[in-house]
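Student: Have a look at the structure that comes next, please.
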There are 2 protein chains.
Amino acid sequence: MPQLGFLHGRAWAALLGQLRRPPGAVCIGAVRSHSQVAEATLASQLKPHKEKPNFILKTPKGTRDFSPQQMVVREKILDMVVSCFKRHGAKRLDTPAFELKEMLTERYGEDSGLIYDLKDQGGELLSLRYDLTVPFARYLAMNKVKKMKRYHVGKVWRRESPTIVQGRYREFCQCDFDIAGHFDPMIPDAECVKIMCEILSGLQLGDFLIKVNDRRLLDGIFAVCGVPESKFHAICSSVDKLDKMSWKDVRHEMVAKRGLAPEVADRIGDYVQCHGGVSLVEDMLQDPELSRNKQALEGLGDLKLLFDYLTLFGIAEKISFDLSLARGLDYYTGVIYEAVLLQTPAQAGEEPLNVGSVAAGGRYDGLVGMFDPKGHTVPCVGLSIGVERIFSIVEQRMKTFGEKIRTTETQVFVATPQKNFLRERLKLIAELWDAGIKAELMYKNNPKLLTQLHYSEDMGIPLVVIIGEQELKEGFIKLRSVASREEVAIKRENLVAEIQKRLSES
Amino acid sequence: MPQLGFLHGRAWAALLGQLRRPPGAVCIGAVRSHSQVAEATLASQLKPHKEKPNFILKTPKGTRDFSPQQMVVREKILDMVVSCFKRHGAKRLDTPAFELKEMLTERYGEDSGLIYDLKDQGGELLSLRYDLTVPFARYLAMNKVKKMKRYHVGKVWRRESPTIVQGRYREFCQCDFDIAGHFDPMIPDAECVKIMCEILSGLQLGDFLIKVNDRRLLDGIFAVCGVPESKFHAICSSVDKLDKMSWKDVRHEMVAKRGLAPEVADRIGDYVQCHGGVSLVEDMLQDPELSRNKQALEGLGDLKLLFDYLTLFGIAEKISFDLSLARGLDYYTGVIYEAVLLQTPAQAGEEPLNVGSVAAGGRYDGLVGMFDPKGHTVPCVGLSIGVERIFSIVEQRMKTFGEKIRTTETQVFVATPQKNFLRERLKLIAELWDAGIKAELMYKNNPKLLTQLHYSEDMGIPLVVIIGEQELKEGFIKLRSVASREEVAIKRENLVAEIQKRLSES
């Protein structure tokens, strides 16, 4: 399983540190971002504004700034995700932050109310994108693209109710990988599941499980149990809640809210509470009623094939056929999957962690056809990595272990103990920059040497060049290793080469 | 000057190809994106939609999708820009796509009407960000940050009138670098100008010039010429048009529209039509009237220091002190600068190219104080790289030279001439992925060998693994070099190592 090799393995390991959950760590489902920024925001909101009382200094509700520390973590994680997408031959695509409003309406079922609309300032009616899947389908239809493997990393916006406490924001990043085109069954689908595995293994987030199911199978089960077809979507939404609610409560919703006969609900319950491996697929293929339902048979046949391919990929033990998996979005038409982190409590007696889904996806064969003027379809299958949740988990762990992150990559600090040596420092640092060396100096005419050395230590800069009057006259410059505090005099003309040598060795 | 060393020099050179403008190339000022996407958009707009007549399949006005080809170019350019920002010790920051509406109002002078507002859906009134500078100032004030060197790459949105023909979009990317904090004069300012030089040299866009001026000097000139203080901003806006309009037309605007006395306009004209090197600064310091104006003196003193530092950086010959440079934005308070590409016509008799500004910035010492509840200021200086214009130029050149871009990074294609060999291909490709090798296969049960080899050639994939029945029985796999069409049999267990060896050599 590719893990650290791709992106500075050691650096990543250092960044993540020990990844076991320590005793007393906060429940991940309720991770909060306690960054300096967030605290400062709160402080500024509580503080009375004397001079400018009408001005509340904050970011919009449900959004946040990302500090340099947070950006370092985010970029490392995104780099790993993208490198996996590239390993599977995907091309990158980008679409505008907003779409024509009509592109998004009626795509998201009950959640359509969460779409951000732009103000009508004359011209077209626009909405911020709600996910990256609908813009992708619009792109395929608009450009008559029949085949494409693409990834897309970008922000999406949803007017969620104020549940920021649970780590849900109104602006968040999505990382999507999708395969569009007519292909032989389950080959791209299996690759999508493989990709989720590679990413979660590579990020070293701990043990995980990928639940799989099929929308056609669920429809078949509903039909066999006697659910009227008009209620399939509603009942599917109820089933989708089984990861957060007990069967008893879901059953109650089906009967009381959705108007299902109690015995129909009970029959559904017998099915959707099942989970297992490929043998459960075999068992269900023997079910006398299901095996007569075309939809169910198609779903089960594809699931069997999927298990076969995932076994060849060596990841069958990560897969659970779980009939309670329904996925909220309307547009899925076939196989669906969702990855959840498994974390056992660090100590006996602690309650199990509430760890949600960190990646999910499925097949949506009808979406492109909804955009195409002639209704031509392009079958698609894809996945989305829940990077925001992953960011929270990694940030929380780093905080727990008190890890220090470098937010710059500066390699050399240019210092002097001399007064009026700014010109010499400027000349020398330009030489370093022009040689491609990452270098900084103090923006002061006469900084103190100690201040300059302290700054280099604090920022984790490995080398300091010290320009002294006497040495300079003799054609030498001092080079100091910050870690060892060792200083050596280098011939002025050899300085750049010596620095490059040291940096390539470290 | 660092150029290609940082980011796969050869690949970049190959991407850019010959960068001289060939005879007959299109005027860059009017570059249009004639990508397949744009053409397809047009086609779909023109086409009658029979089945779904109410549905126009397009992106919002002034926005566009970026195809994989475009994304490759964009990412290469952004990588180069960001690597320069990092070389100068900057940290990365990110802010939300939208801000509270009140944060943005009264920051952009006459252009405030171009701000996109979000619809009032209950809750706060929001607007899409118009640039990255105001969110940065808001961040500093909100978090009481007194000192920071940060970069920010992100999209901004402006409701420009339909001038897409000129390469202006309503959604576009900005790359900003800023230094906030109280420092000794002109040191950070000089670094900003140096950064613009490094980026433009590194991108190899051809010769360029950086115009510098100072807002205080302009104010001093206006005062000395007899402009009433209430008209300083308006007159400054007129001067700003000198890069697109003749002095005669600008003079007419000053007199007819801004109500200036003709002799006052003429006096301004004597000044703002000057440009030169550091000697012009010296000359103006001798100007009997200007040298009695405090603002003008401060501006000239700083410009002199700036020239001194830029000479130490070795870039003085790229700098032009240009009194017509005014910069549109309200918030500048000191030195301002703007980089323009210089392109001489390829052939005598051709008209000179209309090449606009590709980078610009300046000092804005008052902006943070406008956000701070107590009015505490944090002086700032920064720059913004006009990456969209740079993207257009590079794309146009690549099209002119017919360069082919690889949109994937796939290293190995897994093929077979055998029927019913999907399982073997899946097993083998999983092994490659797990070893970190970028690999693809056809999503078909029985693809033709020729189709598989053609695909590899078309996509520029360097190696093909060919699984044959006979070889597999004997424990061998064929490895084909696409370029030389040479095939060698490799022991099955040595395949991954051999592929890695070949990839590391190429």
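Chain labels follow the order of the structure tokens: the first chain is A, the next B, and so on; residue numbering restarts at 1 in every chain, and ligands are counted from 1 in their shown order.
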Excluding same-chain residues fewer than 2 positions from stretch 108-123 of chain A, what lies within 10 Å of it counting only C-alpha atoms, as JSON, numbers by chain?

Tutor: {"A": [98, 99, 100, 101, 104, 105, 106, 125, 126, 127, 128, 129, 130, 131, 134, 156, 157, 158, 159, 160, 161, 170, 233, 234, 237, 328, 329, 330, 331], "B": [60, 61, 113, 114, 115, 116, 117, 118, 119, 120, 121, 126, 127, 128, 159]}

Student: With chain B as the partner and 6 Å as the cut-off, tabulate the residues of chain A that qualify, each row holding the nearest pair of atoms and their distance in Å to one decimal, using only C-alpha atoms, sorted by chain and rising number, as a tab-separated table.

Tutor:
```
residue	atom	partner	partner_atom	distance
A:Met1	CA	B:Asp434	CA	4.3
A:Pro2	CA	B:Asp434	CA	4.9
A:Ala40	CA	B:Asn143	CA	5.3
A:His49	CA	B:Pro373	CA	5.4
A:Glu51	CA	B:Lys374	CA	5.9
A:Lys52	CA	B:Pro373	CA	5.7
A:Leu57	CA	B:Met142	CA	5.9
A:Pro60	CA	B:Leu100	CA	5.8
A:Asp65	CA	B:Thr95	CA	4.4
A:Phe66	CA	B:Asp94	CA	5.0
A:Ser67	CA	B:Leu93	CA	5.6
A:Pro68	CA	B:Arg92	CA	5.2
A:Arg87	CA	B:Lys438	CA	3.9
A:His88	CA	B:Ala439	CA	5.9
A:Gly89	CA	B:Thr410	CA	5.4
A:Lys91	CA	B:Thr408	CA	5.5
A:Arg92	CA	B:Pro68	CA	5.2
A:Leu93	CA	B:Pro68	CA	5.3
A:Asp94	CA	B:Phe66	CA	5.0
A:Thr95	CA	B:Asp65	CA	4.4
A:Glu99	CA	B:Pro60	CA	5.9
A:Leu100	CA	B:Pro60	CA	5.8
A:Asp117	CA	B:Lys119	CA	5.5
A:Leu118	CA	B:Leu118	CA	4.1
A:Lys119	CA	B:Lys119	CA	3.9
A:Met142	CA	B:Leu57	CA	5.9
A:Asn143	CA	B:Ala40	CA	5.3
A:Phe183	CA	B:Tyr443	CA	5.6
A:Asp184	CA	B:Lys444	CA	5.1
A:Ile187	CA	B:Tyr443	CA	5.7
A:Leu312	CA	B:Lys427	CA	5.2
A:Phe313	CA	B:Ala430	CA	5.4
A:Pro373	CA	B:His49	CA	5.4
A:Lys374	CA	B:Glu51	CA	5.9
A:Thr407	CA	B:Lys91	CA	5.7
A:Thr408	CA	B:Lys91	CA	5.5
A:Thr410	CA	B:Gly89	CA	5.4
A:Lys427	CA	B:Leu312	CA	5.2
A:Ala430	CA	B:Phe313	CA	5.4
A:Asp434	CA	B:Met1	CA	4.3
A:Ala435	CA	B:Pro2	CA	5.8
A:Gly436	CA	B:Pro2	CA	5.5
A:Lys438	CA	B:Arg87	CA	3.9
A:Ala439	CA	B:His88	CA	5.9
A:Tyr443	CA	B:Phe183	CA	5.6
A:Lys444	CA	B:Asp184	CA	5.1
```

Student: With only C-alpha atoms as the basis for distance, which of B:Tyr364, B:Phe476, B:Phe401, B:Phe307 is at the shortest distance from B:Tyr332?

Tutor: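 Among the listed residues, B:Tyr364 lies closest to B:Tyr332.
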
Student: Could you check how far atom CA of B:Ile221 sits from atom CA of B:Leu367, in Å to one decimal?

Tutor: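 Taking atom CA of B:Ile221 as the start and atom CA of B:Leu367 as the end point, the length is 23.5 Å.
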
Student: Please indicate the distance in Å from atom CA of A:Gly154 to atom CA of A:Lys76, rounded to one decimal place.

Tutor: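 Result for atom CA of A:Gly154 versus atom CA of A:Lys76: 15.4 Å, one decimal.
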
Student: What are the DSSP strand (DSSP E or B) residues of stretch 316-481 of chain B, as a PyMOL selection string?

Tutor: chain B and resi 319-322+335-341+357-363+380-385+412-415+439-440+463-466+476-481

Student: Just give me the gap between atom CA of A:Asp240 and atom CA of A:Leu218 in Å, one decimal is fine.

Tutor: 11.0 Å

Student: If you run DSSP on this backbone, which residues of stretch 227-314 of chain A come out as helix (DSSP H, G or I), and could you give them as a PyMOL selection string?

Tutor: chain A and resi 229-243+247-257+262-272+278-286+290-292+294-312

Student: Of the candidates A:Ser320, A:Gln396, A:Thr451, A:Gln174, which shows the shortest atom-to-atom distance to A:Val193, using only C-alpha atoms?

Tutor: A:Ser320

Student: Could you check the closest approach to A:Leu323 for each of A:Asp302, A:Asp178, A:Asp219, A:Asp214 and tell me which residue wins, using only C-alpha atoms?

Tutor: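 Looking at the shortest contact to A:Leu323, the residue is A:Asp214.
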
Student: Counting only C-alpha atoms, what is within 9 Å of B:Ala265, bar same-chain residues fewer than 3 positions away, as a list in words?

Tutor: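 Near B:Ala265, the qualifying residues are Cys225, Val227, Arg251, His252, Met254, Val255, Leu260, Ala261, Pro262, Ile268, Gly269 and Asp270 of chain B.
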